[in-house]
file final-v6.cif (mmCIF, C-alpha atoms)
data_upload
#
loop_
_atom_site.label_atom_id
_atom_site.label_comp_id
_atom_site.auth_asym_id
_atom_site.auth_seq_id
_atom_site.Cartn_x
_atom_site.Cartn_y
_atom_site.Cartn_z
CA MET B 1 -3.06 109.11 67.26
CA THR B 2 0.23 110.93 66.88
CA SER B 3 2.56 110.37 69.81
CA GLU B 4 3.72 113.50 71.50
CA GLU B 5 5.65 114.57 74.52
CA SER B 6 3.90 115.80 77.65
CA PRO B 7 4.75 119.22 79.14
CA ASP B 8 5.50 117.37 82.40
CA HIS B 9 8.29 115.36 80.81
CA VAL B 10 11.88 115.96 81.85
CA ARG B 11 13.80 113.90 79.34
CA HIS B 12 17.48 113.27 79.98
CA ARG B 13 17.61 114.92 83.37
CA PRO B 14 21.22 115.61 84.46
CA PRO B 15 22.68 112.54 86.17
CA THR B 16 22.72 112.01 89.92
CA ALA B 17 26.13 113.08 91.23
CA LEU B 18 28.28 110.50 93.02
CA ASP B 19 30.45 111.50 95.99
CA LYS B 20 33.18 109.19 94.74
CA PRO B 21 33.69 107.07 91.63
CA ARG B 22 32.13 103.64 91.65
CA SER B 23 34.52 100.81 92.51
CA VAL B 24 32.77 98.35 90.25
CA ILE B 25 34.01 96.44 87.24
CA VAL B 26 31.69 94.26 85.15
CA ALA B 27 33.48 91.19 83.76
CA CYS B 28 31.90 89.52 80.74
CA PRO B 29 32.73 86.33 78.88
CA GLN B 30 32.63 86.19 75.12
CA PHE B 31 28.88 86.16 74.63
CA LYS B 32 27.00 84.10 72.09
CA SER B 33 25.17 87.27 71.11
CA ALA B 34 27.28 90.44 70.94
CA ILE B 35 24.19 92.55 71.55
CA ASN B 36 24.31 91.51 75.20
CA LEU B 37 27.71 93.18 75.59
CA SER B 38 26.40 96.38 74.02
CA ARG B 39 23.39 96.36 76.33
CA ILE B 40 25.59 95.82 79.38
CA VAL B 41 27.92 98.64 78.32
CA ARG B 42 25.01 101.11 78.06
CA LEU B 43 23.65 99.90 81.40
CA ALA B 44 27.05 100.22 83.10
CA GLY B 45 27.49 103.73 81.74
CA CYS B 46 24.11 104.82 83.08
CA CYS B 47 24.97 103.29 86.46
CA GLY B 48 28.16 105.37 86.64
CA ILE B 49 30.44 102.36 86.19
CA GLU B 50 33.61 103.20 84.31
CA HIS B 51 35.17 99.83 83.54
CA VAL B 52 33.94 96.75 81.70
CA ILE B 53 36.07 93.72 80.85
CA ALA B 54 34.99 91.96 77.66
CA CYS B 55 36.38 88.67 76.39
CA GLY B 56 36.94 87.77 72.77
CA ASN B 57 35.79 89.88 69.90
CA ASN B 58 32.15 90.73 70.63
CA ARG B 59 31.59 93.95 68.73
CA ILE B 60 30.08 96.92 70.54
CA ASP B 61 27.16 98.36 68.61
CA ALA B 62 27.14 102.11 69.26
CA THR B 63 23.45 102.36 68.38
CA VAL B 64 22.77 100.14 71.42
CA ALA B 65 25.58 101.18 73.79
CA ARG B 66 25.25 104.87 72.86
CA ASP B 67 27.76 107.25 74.46
CA ALA B 68 28.78 104.61 76.97
CA ALA B 69 30.82 102.99 74.19
CA LYS B 70 33.14 106.02 74.32
CA SER B 71 32.92 107.09 77.96
CA LEU B 72 33.69 103.68 79.51
CA HIS B 73 37.02 101.90 79.67
CA ILE B 74 36.49 98.61 77.84
CA GLU B 75 39.31 96.22 78.57
CA ARG B 76 39.67 93.34 76.13
CA ARG B 77 40.89 89.94 77.36
CA ARG B 78 41.11 86.50 75.86
CA THR B 79 39.82 84.88 79.06
CA LEU B 80 38.98 86.07 82.57
CA PRO B 81 40.62 83.86 85.25
CA GLN B 82 44.12 85.39 85.38
CA ARG B 83 42.74 88.92 85.33
CA LEU B 84 40.26 88.10 88.12
CA VAL B 85 43.12 86.78 90.28
CA GLU B 86 44.93 90.12 89.80
CA LEU B 87 41.83 92.14 90.66
CA LYS B 88 41.24 90.05 93.76
CA ALA B 89 44.82 90.85 94.83
CA ASP B 90 43.94 94.53 94.30
CA GLY B 91 41.11 94.24 96.82
CA PHE B 92 38.13 93.64 94.58
CA SER B 93 35.60 91.07 95.78
CA LEU B 94 34.56 88.73 92.99
CA ILE B 95 30.78 88.41 92.89
CA GLY B 96 29.30 85.93 90.42
CA LEU B 97 25.78 86.15 89.02
CA GLU B 98 24.70 82.55 88.67
CA GLN B 99 22.46 79.83 90.03
CA THR B 100 24.51 77.39 92.09
CA LYS B 101 23.84 75.04 95.00
CA THR B 102 24.96 77.74 97.44
CA SER B 103 24.10 80.98 95.66
CA LYS B 104 22.46 83.76 97.69
CA ASP B 105 19.24 85.56 96.88
CA LEU B 106 19.88 89.00 95.31
CA HIS B 107 16.83 90.34 97.20
CA HIS B 108 18.71 89.93 100.47
CA PHE B 109 22.32 90.24 99.42
CA CYS B 110 24.60 93.04 100.69
CA PHE B 111 27.14 93.89 98.03
CA PRO B 112 30.72 94.79 98.90
CA ARG B 113 31.41 98.29 97.59
CA LYS B 114 34.57 97.32 95.71
CA MET B 115 33.69 94.45 93.47
CA VAL B 116 33.90 92.77 90.13
CA LEU B 117 30.48 91.58 88.98
CA VAL B 118 31.19 88.42 86.99
CA VAL B 119 28.47 87.49 84.54
CA GLY B 120 28.10 84.30 82.58
CA HIS B 121 27.63 83.07 79.07
CA GLU B 122 24.03 82.87 77.80
CA ARG B 123 23.98 79.08 77.68
CA ILE B 124 26.60 77.73 80.06
CA GLY B 125 26.72 80.52 82.61
CA ILE B 126 29.96 81.31 84.43
CA ASP B 127 32.78 79.10 83.23
CA ALA B 128 33.79 76.27 85.56
CA SER B 129 37.36 77.61 85.68
CA ILE B 130 36.09 80.84 87.25
CA MET B 131 33.76 79.40 89.88
CA PRO B 132 36.46 78.57 92.49
CA LEU B 133 37.75 82.16 92.36
CA LEU B 134 34.45 83.77 93.32
CA ASP B 135 33.94 85.21 96.79
CA GLU B 136 30.15 85.06 96.56
CA VAL B 137 27.55 83.96 94.08
CA VAL B 138 24.14 85.64 93.84
CA GLU B 139 21.07 84.46 92.01
CA ILE B 140 17.77 86.15 91.18
CA PRO B 141 14.41 84.57 92.00
CA VAL B 142 12.50 83.46 88.92
CA TYR B 143 8.71 83.08 89.09
CA GLY B 144 7.63 81.82 85.69
CA MET B 145 8.44 80.80 82.14
CA PRO B 146 11.01 80.74 80.57
CA TYR B 147 12.63 80.28 83.99
CA SER B 148 15.81 82.19 83.18
CA TYR B 149 16.55 85.85 82.69
CA ASN B 150 18.54 87.03 79.73
CA VAL B 151 22.12 87.77 80.86
CA ALA B 152 21.85 91.54 80.30
CA THR B 153 18.51 91.53 82.15
CA ALA B 154 20.05 89.71 85.12
CA THR B 155 23.00 92.13 85.08
CA THR B 156 20.50 95.01 85.09
CA MET B 157 18.85 93.68 88.25
CA ALA B 158 22.19 93.17 90.01
CA LEU B 159 23.49 96.65 89.14
CA TYR B 160 20.17 98.25 90.09
CA GLU B 161 20.43 96.59 93.50
CA TYR B 162 24.07 97.68 93.83
CA CYS B 163 23.25 101.32 92.97
CA LYS B 164 20.40 101.27 95.47
CA GLN B 165 22.81 100.08 98.16
CA PHE B 166 25.49 102.63 97.17
CA PRO B 167 23.54 105.67 95.95
CA ASN B 168 26.56 107.95 96.50
CA GLY B 169 29.22 105.80 94.85
CA MET H 1 39.91 77.58 76.53
CA THR H 2 36.77 75.56 76.06
CA SER H 3 33.88 76.84 78.13
CA GLU H 4 32.30 74.27 80.36
CA GLU H 5 29.71 74.08 83.08
CA SER H 6 30.74 73.84 86.72
CA PRO H 7 29.50 70.96 88.90
CA ASP H 8 28.12 73.63 91.25
CA HIS H 9 25.79 75.00 88.61
CA VAL H 10 22.06 74.61 88.99
CA ARG H 11 20.78 75.81 85.65
CA HIS H 12 17.07 76.49 85.30
CA ARG H 13 16.16 75.87 88.90
CA PRO H 14 12.39 75.38 89.37
CA PRO H 15 10.70 78.76 89.78
CA THR H 16 9.88 80.33 93.13
CA ALA H 17 6.24 79.58 93.93
CA LEU H 18 3.83 82.48 94.43
CA ASP H 19 1.07 82.31 97.04
CA LYS H 20 -1.27 84.08 94.64
CA PRO H 21 -1.05 85.21 91.02
CA ARG H 22 0.57 88.56 90.42
CA SER H 23 -1.85 91.44 89.90
CA VAL H 24 0.41 93.22 87.46
CA ILE H 25 -0.09 94.17 83.84
CA VAL H 26 2.67 95.74 81.78
CA ALA H 27 1.31 98.22 79.23
CA CYS H 28 3.53 99.03 76.25
CA PRO H 29 3.21 101.55 73.44
CA GLN H 30 4.12 100.62 69.90
CA PHE H 31 7.89 100.63 70.23
CA LYS H 32 10.33 101.95 67.67
CA SER H 33 12.22 98.69 68.03
CA ALA H 34 10.11 95.54 68.33
CA ILE H 35 12.94 93.76 70.14
CA ASN H 36 12.07 95.80 73.23
CA LEU H 37 8.62 94.20 73.35
CA SER H 38 10.14 90.73 73.07
CA ARG H 39 12.59 91.49 75.86
CA ILE H 40 9.81 92.82 78.10
CA VAL H 41 7.67 89.73 77.40
CA ARG H 42 10.48 87.38 78.46
CA LEU H 43 11.14 89.52 81.53
CA ALA H 44 7.47 89.59 82.49
CA GLY H 45 7.20 85.81 82.12
CA CYS H 46 10.20 85.27 84.39
CA CYS H 47 8.68 87.66 86.95
CA GLY H 48 5.46 85.62 87.04
CA ILE H 49 3.43 88.30 85.29
CA GLU H 50 0.70 86.89 83.10
CA HIS H 51 -0.56 89.83 81.11
CA VAL H 52 1.13 92.31 78.77
CA ILE H 53 -0.67 94.90 76.67
CA ALA H 54 1.11 95.73 73.41
CA CYS H 55 0.12 98.48 71.00
CA GLY H 56 0.38 98.33 67.26
CA ASN H 57 2.05 95.55 65.37
CA ASN H 58 5.41 95.03 67.08
CA ARG H 59 6.26 91.41 66.32
CA ILE H 60 7.26 89.12 69.17
CA ASP H 61 10.48 87.28 68.39
CA ALA H 62 10.25 83.87 70.06
CA THR H 63 14.04 83.50 70.09
CA VAL H 64 14.12 86.50 72.44
CA ALA H 65 10.85 86.10 74.36
CA ARG H 66 11.24 82.31 74.61
CA ASP H 67 8.39 80.38 76.25
CA ALA H 68 6.94 83.60 77.63
CA ALA H 69 5.60 84.30 74.14
CA LYS H 70 3.21 81.37 74.63
CA SER H 71 2.61 81.38 78.38
CA LEU H 72 1.63 85.04 78.72
CA HIS H 73 -1.61 86.70 77.66
CA ILE H 74 -0.60 89.35 75.14
CA GLU H 75 -3.42 91.77 74.56
CA ARG H 76 -3.18 93.83 71.39
CA ARG H 77 -4.53 97.38 71.31
CA ARG H 78 -4.32 100.25 68.91
CA THR H 79 -3.69 102.74 71.69
CA LEU H 80 -3.65 102.63 75.49
CA PRO H 81 -5.75 105.45 77.04
CA GLN H 82 -9.24 103.91 76.84
CA ARG H 83 -8.00 100.55 78.09
CA LEU H 84 -6.15 102.21 80.98
CA VAL H 85 -9.35 103.99 82.03
CA GLU H 86 -11.12 100.61 82.14
CA LEU H 87 -8.34 99.01 84.18
CA LYS H 88 -8.37 101.91 86.62
CA ALA H 89 -12.09 101.34 87.09
CA ASP H 90 -11.24 97.68 87.81
CA GLY H 91 -9.02 98.74 90.70
CA PHE H 92 -5.61 98.80 89.04
CA SER H 93 -3.31 101.67 89.99
CA LEU H 94 -1.64 103.15 86.95
CA ILE H 95 2.09 103.57 87.55
CA GLY H 96 4.15 105.28 84.86
CA LEU H 97 7.86 104.79 84.37
CA GLU H 98 9.11 108.18 83.25
CA GLN H 99 11.10 111.25 84.22
CA THR H 100 8.74 114.09 85.03
CA LYS H 101 8.84 117.18 87.21
CA THR H 102 7.16 115.27 90.04
CA SER H 103 8.26 111.66 89.45
CA LYS H 104 9.34 109.63 92.49
CA ASP H 105 12.61 107.77 92.93
CA LEU H 106 12.23 104.02 92.28
CA HIS H 107 14.75 103.34 95.07
CA HIS H 108 12.24 104.60 97.63
CA PHE H 109 8.92 103.90 95.96
CA CYS H 110 6.35 101.52 97.47
CA PHE H 111 4.39 99.86 94.68
CA PRO H 112 0.70 99.14 94.99
CA ARG H 113 0.19 95.39 94.62
CA LYS H 114 -2.47 95.70 91.91
CA MET H 115 -1.06 97.84 89.19
CA VAL H 116 -0.50 98.50 85.55
CA LEU H 117 3.12 99.43 84.85
CA VAL H 118 2.94 101.88 81.96
CA VAL H 119 6.15 102.16 79.98
CA GLY H 120 7.03 104.69 77.32
CA HIS H 121 8.27 104.88 73.77
CA GLU H 122 12.06 104.81 73.30
CA ARG H 123 12.24 108.41 72.13
CA ILE H 124 9.23 110.30 73.40
CA GLY H 125 8.47 108.35 76.56
CA ILE H 126 4.91 107.99 77.80
CA ASP H 127 2.48 109.68 75.46
CA ALA H 128 1.08 113.02 76.63
CA SER H 129 -2.48 111.67 76.36
CA ILE H 130 -1.68 109.05 79.02
CA MET H 131 0.10 111.23 81.57
CA PRO H 132 -3.06 112.70 83.20
CA LEU H 133 -4.41 109.17 83.81
CA LEU H 134 -1.44 108.00 85.88
CA ASP H 135 -1.72 107.63 89.65
CA GLU H 136 2.02 107.82 90.19
CA VAL H 137 5.14 108.26 88.09
CA VAL H 138 8.46 106.69 89.06
CA GLU H 139 11.89 107.40 87.68
CA ILE H 140 15.24 105.65 88.06
CA PRO H 141 18.40 107.50 89.10
CA VAL H 142 20.96 107.74 86.31
CA TYR H 143 24.63 108.27 87.17
CA GLY H 144 26.44 108.54 83.86
CA MET H 145 26.43 108.51 80.08
CA PRO H 146 24.29 108.05 78.05
CA TYR H 147 21.97 109.41 80.77
CA SER H 148 18.98 107.25 79.88
CA TYR H 149 18.23 103.58 80.29
CA ASN H 150 16.88 101.55 77.44
CA VAL H 151 13.12 101.04 77.95
CA ALA H 152 13.40 97.29 78.54
CA THR H 153 16.27 97.92 80.97
CA ALA H 154 14.18 100.44 82.92
CA THR H 155 11.24 98.03 82.93
CA THR H 156 13.60 95.35 84.28
CA MET H 157 14.57 97.56 87.21
CA ALA H 158 10.96 98.44 88.01
CA LEU H 159 9.76 94.83 87.90
CA TYR H 160 12.75 93.65 89.94
CA GLU H 161 11.83 96.20 92.61
CA TYR H 162 8.18 95.13 92.47
CA CYS H 163 9.04 91.43 92.86
CA LYS H 164 11.31 92.26 95.78
CA GLN H 165 8.42 94.08 97.45
CA PHE H 166 5.95 91.29 96.68
CA PRO H 167 7.99 88.08 96.81
CA ASN H 168 4.87 85.96 97.32
CA GLY H 169 2.67 87.49 94.63
#
call {"tool": "encode", "arguments": {"input": "final-v6.cif", "output": "structure tokens"}}
result
Amino acid sequence: MTSEESPDHVRHRPPTALDKPRSVIVACPQFKSAINLSRIVRLAGCCGIEHVIACGNNRIDATVARDAAKSLHIERRRTLPQRLVELKADGFSLIGLEQTKTSKDLHHFCFPRKMVLVVGHERIGIDASIMPLLDEVVEIPVYGMPYSYNVATATTMALYEYCKQFPNG
Amino acid sequence: MTSEESPDHVRHRPPTALDKPRSVIVACPQFKSAINLSRIVRLAGCCGIEHVIACGNNRIDATVARDAAKSLHIERRRTLPQRLVELKADGFSLIGLEQTKTSKDLHHFCFPRKMVLVVGHERIGIDASIMPLLDEVVEIPVYGMPYSYNVATATTMALYEYCKQFPNG
């Protein structure tokens, strides 16, 4: 069977307009696998987020990140803590995506509009030096093997939930 | 800075128990990039979904899919339409993830509990031969460049929303 497009398809519909720009920054560590940064950059672009902080030298693969690699501001840092302290002083809530003893369930979490979403390293999660800076930590229920979402997958769920809560920006 | 784990971390918490098994099947075309199938398999496993249908010969990379590659039933098909007709006769609603003229917004969509989530090819979306079989089509709002989510990213959002609506299975 040759695949073909249906006449009902509307591919690449114009984006949903936001009343105001999103006040969201996604802060990433240096990942073990650079592809996770590229995936998060494409995701952020589609969600209308204009600013990603990336640590270290993870390369952005334009075949994965697509136009988001050009349209987003990608800020490079060596590490995150000092920059997070500055952003907190600028009024951003720091929301970590991690499983901790006191983390809240994403299904029931109300995001602050102005926030930095702090994501963790594939193996060790959010660095211990960052944990005390966070205003809140959210986790995502897991129901089966392998018992942990890929970091870009978890970021996808968190940003989906954020966009649902703030459909107008 | 050496990355280290925080004492607050609870990595790989035991999964959330379901009262009953999920009645969800994820149906995939032969993807352009096999990595998307591996990502969807890991995602499905974490969501407690036990059955994925995969077309063609996309290889499952166990370093991406992890234990889900073994714990899930992966059914191989040449194409989807005939199998979807059978599943519909077995009481599964067929829910497509696609942008069409009449697709509904995922943010406001109520999933049927027993469903097949039909996802599309990276470039052409859901095949035209499948569209007339679908009971409903859902789409995800996009707010910025590159104006389309990766297929595994879109599947992540749909399954997150499903799990939120059916936290107990």
call {"tool": "residues_around", "arguments": {"input": "final-v6.cif", "residues": "H:Pro21", "least_positions_apart": "2", "cutoff": "9 Å", "atoms": "only C-alpha atoms", "output": "PyMOL selection string"}}
result
chain H and resi 18-19+23-24+48-50+168-169
call {"tool": "atom_distance", "arguments": {"input": "final-v6.cif", "atom1": "atom CA of B:Lys164", "atom2": "atom CA of B:Val142"}}
result
20.6 Å
call {"tool": "closest_residue", "arguments": {"input": "final-v6.cif", "among": "B:Glu136, B:Asp105, B:Asp8, B:Asp61", "to": "chain H", "atoms": "all atoms listed in the file"}}
result
B:Asp8
call {"tool": "residues_near_point", "arguments": {"input": "final-v6.cif", "point": "(24.5, 92.3, 74.4)", "cutoff": "10 Å", "atoms": "all atoms listed in the file", "output": "list in words"}}
result
Phe31, Lys32, Ser33, Ala34, Ile35, Asn36, Leu37, Ser38, Arg39, Ile40, Val41, Arg42, Asn58, Arg59, Ile60, Asp61, Val64, Ala65, Asn150, Val151, Ala152 and Thr153 of chain B
call {"tool": "interface_residues", "arguments": {"input": "final-v6.cif", "of": "chain B", "to": "chain H", "cutoff": "7 Å", "atoms": "only C-alpha atoms", "output": "number ranges by chain"}}
result
B: 3-6, 8-12, 15-17, 42-43, 45-48, 66-68, 71, 99-101, 107, 124, 127-128, 141-149, 153, 156-157, 160, 164
call {"tool": "build_atoms", "arguments": {"input": "final-v6.cif", "residues": "stretch 9-39 of chain H", "atoms": "N, CA and C atoms", "output": "PDB file, in the coordinates of the input"}}
result
ATOM      1  N   HIS H   9      26.888  74.325  89.300  1.00  0.00           N
ATOM      2  CA  HIS H   9      25.790  75.000  88.610  1.00  0.00           C
ATOM      3  C   HIS H   9      24.453  74.315  88.840  1.00  0.00           C
ATOM      4  N   VAL H  10      23.428  75.116  88.980  1.00  0.00           N
ATOM      5  CA  VAL H  10      22.060  74.610  88.990  1.00  0.00           C
ATOM      6  C   VAL H  10      21.322  75.437  87.951  1.00  0.00           C
ATOM      7  N   ARG H  11      21.382  75.014  86.713  1.00  0.00           N
ATOM      8  CA  ARG H  11      20.780  75.810  85.650  1.00  0.00           C
ATOM      9  C   ARG H  11      19.280  75.544  85.623  1.00  0.00           C
ATOM     10  N   HIS H  12      18.522  76.612  85.437  1.00  0.00           N
ATOM     11  CA  HIS H  12      17.070  76.490  85.300  1.00  0.00           C
ATOM     12  C   HIS H  12      16.451  75.799  86.512  1.00  0.00           C
ATOM     13  N   ARG H  13      16.780  76.318  87.658  1.00  0.00           N
ATOM     14  CA  ARG H  13      16.160  75.870  88.900  1.00  0.00           C
ATOM     15  C   ARG H  13      14.643  76.053  88.768  1.00  0.00           C
ATOM     16  N   PRO H  14      13.848  75.173  89.425  1.00  0.00           N
ATOM     17  CA  PRO H  14      12.390  75.380  89.370  1.00  0.00           C
ATOM     18  C   PRO H  14      12.052  76.772  89.892  1.00  0.00           C
ATOM     19  N   PRO H  15      11.010  77.383  89.374  1.00  0.00           N
ATOM     20  CA  PRO H  15      10.700  78.760  89.780  1.00  0.00           C
ATOM     21  C   PRO H  15      10.240  78.852  91.227  1.00  0.00           C
ATOM     22  N   THR H  16      10.388  80.039  91.791  1.00  0.00           N
ATOM     23  CA  THR H  16       9.880  80.330  93.130  1.00  0.00           C
ATOM     24  C   THR H  16       8.351  80.371  93.061  1.00  0.00           C
ATOM     25  N   ALA H  17       7.700  79.632  93.956  1.00  0.00           N
ATOM     26  CA  ALA H  17       6.240  79.580  93.930  1.00  0.00           C
ATOM     27  C   ALA H  17       5.648  80.867  94.499  1.00  0.00           C
ATOM     28  N   LEU H  18       4.574  81.323  93.923  1.00  0.00           N
ATOM     29  CA  LEU H  18       3.830  82.480  94.430  1.00  0.00           C
ATOM     30  C   LEU H  18       2.612  81.993  95.189  1.00  0.00           C
ATOM     31  N   ASP H  19       2.266  82.679  96.279  1.00  0.00           N
ATOM     32  CA  ASP H  19       1.070  82.310  97.040  1.00  0.00           C
ATOM     33  C   ASP H  19      -0.208  82.633  96.272  1.00  0.00           C
ATOM     34  N   LYS H  20      -0.126  83.695  95.488  1.00  0.00           N
ATOM     35  CA  LYS H  20      -1.270  84.080  94.640  1.00  0.00           C
ATOM     36  C   LYS H  20      -0.729  84.673  93.354  1.00  0.00           C
ATOM     37  N   PRO H  21      -1.541  84.674  92.297  1.00  0.00           N
ATOM     38  CA  PRO H  21      -1.050  85.210  91.020  1.00  0.00           C
ATOM     39  C   PRO H  21      -0.716  86.694  91.149  1.00  0.00           C
ATOM     40  N   ARG H  22       0.242  87.138  90.404  1.00  0.00           N
ATOM     41  CA  ARG H  22       0.570  88.560  90.420  1.00  0.00           C
ATOM     42  C   ARG H  22      -0.568  89.371  89.806  1.00  0.00           C
ATOM     43  N   SER H  23      -0.840  90.514  90.443  1.00  0.00           N
ATOM     44  CA  SER H  23      -1.850  91.440  89.900  1.00  0.00           C
ATOM     45  C   SER H  23      -1.144  92.582  89.191  1.00  0.00           C
ATOM     46  N   VAL H  24      -0.371  92.224  88.194  1.00  0.00           N
ATOM     47  CA  VAL H  24       0.410  93.220  87.460  1.00  0.00           C
ATOM     48  C   VAL H  24       0.176  93.037  85.963  1.00  0.00           C
ATOM     49  N   ILE H  25      -0.028  94.136  85.300  1.00  0.00           N
ATOM     50  CA  ILE H  25      -0.090  94.170  83.840  1.00  0.00           C
ATOM     51  C   ILE H  25       0.974  95.151  83.381  1.00  0.00           C
ATOM     52  N   VAL H  26       1.708  94.798  82.356  1.00  0.00           N
ATOM     53  CA  VAL H  26       2.670  95.740  81.780  1.00  0.00           C
ATOM     54  C   VAL H  26       2.049  96.277  80.481  1.00  0.00           C
ATOM     55  N   ALA H  27       1.946  97.591  80.390  1.00  0.00           N
ATOM     56  CA  ALA H  27       1.310  98.220  79.230  1.00  0.00           C
ATOM     57  C   ALA H  27       2.367  98.943  78.392  1.00  0.00           C
ATOM     58  N   CYS H  28       2.481  98.522  77.148  1.00  0.00           N
ATOM     59  CA  CYS H  28       3.530  99.030  76.250  1.00  0.00           C
ATOM     60  C   CYS H  28       2.938  99.799  75.081  1.00  0.00           C
ATOM     61  N   PRO H  29       3.609 100.860  74.673  1.00  0.00           N
ATOM     62  CA  PRO H  29       3.210 101.550  73.440  1.00  0.00           C
ATOM     63  C   PRO H  29       3.707 100.744  72.242  1.00  0.00           C
ATOM     64  N   GLN H  30       3.434 101.206  71.051  1.00  0.00           N
ATOM     65  CA  GLN H  30       4.120 100.620  69.900  1.00  0.00           C
ATOM     66  C   GLN H  30       5.548 101.138  69.941  1.00  0.00           C
ATOM     67  N   PHE H  31       6.489 100.217  70.121  1.00  0.00           N
ATOM     68  CA  PHE H  31       7.890 100.630  70.230  1.00  0.00           C
ATOM     69  C   PHE H  31       8.477 100.917  68.858  1.00  0.00           C
ATOM     70  N   LYS H  32       9.525 101.720  68.873  1.00  0.00           N
ATOM     71  CA  LYS H  32      10.330 101.950  67.670  1.00  0.00           C
ATOM     72  C   LYS H  32      11.006 100.647  67.269  1.00  0.00           C
ATOM     73  N   SER H  33      11.524  99.947  68.281  1.00  0.00           N
ATOM     74  CA  SER H  33      12.220  98.690  68.030  1.00  0.00           C
ATOM     75  C   SER H  33      11.446  97.538  68.664  1.00  0.00           C
ATOM     76  N   ALA H  34      10.948  96.626  67.824  1.00  0.00           N
ATOM     77  CA  ALA H  34      10.110  95.540  68.330  1.00  0.00           C
ATOM     78  C   ALA H  34      10.842  94.647  69.312  1.00  0.00           C
ATOM     79  N   ILE H  35      12.169  94.626  69.241  1.00  0.00           N
ATOM     80  CA  ILE H  35      12.940  93.760  70.140  1.00  0.00           C
ATOM     81  C   ILE H  35      12.666  94.121  71.601  1.00  0.00           C
ATOM     82  N   ASN H  36      12.360  95.395  71.853  1.00  0.00           N
ATOM     83  CA  ASN H  36      12.070  95.800  73.230  1.00  0.00           C
ATOM     84  C   ASN H  36      10.813  95.115  73.766  1.00  0.00           C
ATOM     85  N   LEU H  37       9.823  94.922  72.912  1.00  0.00           N
ATOM     86  CA  LEU H  37       8.620  94.200  73.350  1.00  0.00           C
ATOM     87  C   LEU H  37       8.963  92.743  73.676  1.00  0.00           C
ATOM     88  N   SER H  38       9.758  92.127  72.829  1.00  0.00           N
ATOM     89  CA  SER H  38      10.140  90.730  73.070  1.00  0.00           C
ATOM     90  C   SER H  38      10.921  90.584  74.368  1.00  0.00           C
ATOM     91  N   ARG H  39      11.805  91.529  74.620  1.00  0.00           N
ATOM     92  CA  ARG H  39      12.590  91.490  75.860  1.00  0.00           C
ATOM     93  C   ARG H  39      11.684  91.658  77.080  1.00  0.00           C
TER      94      ARG H  39
END
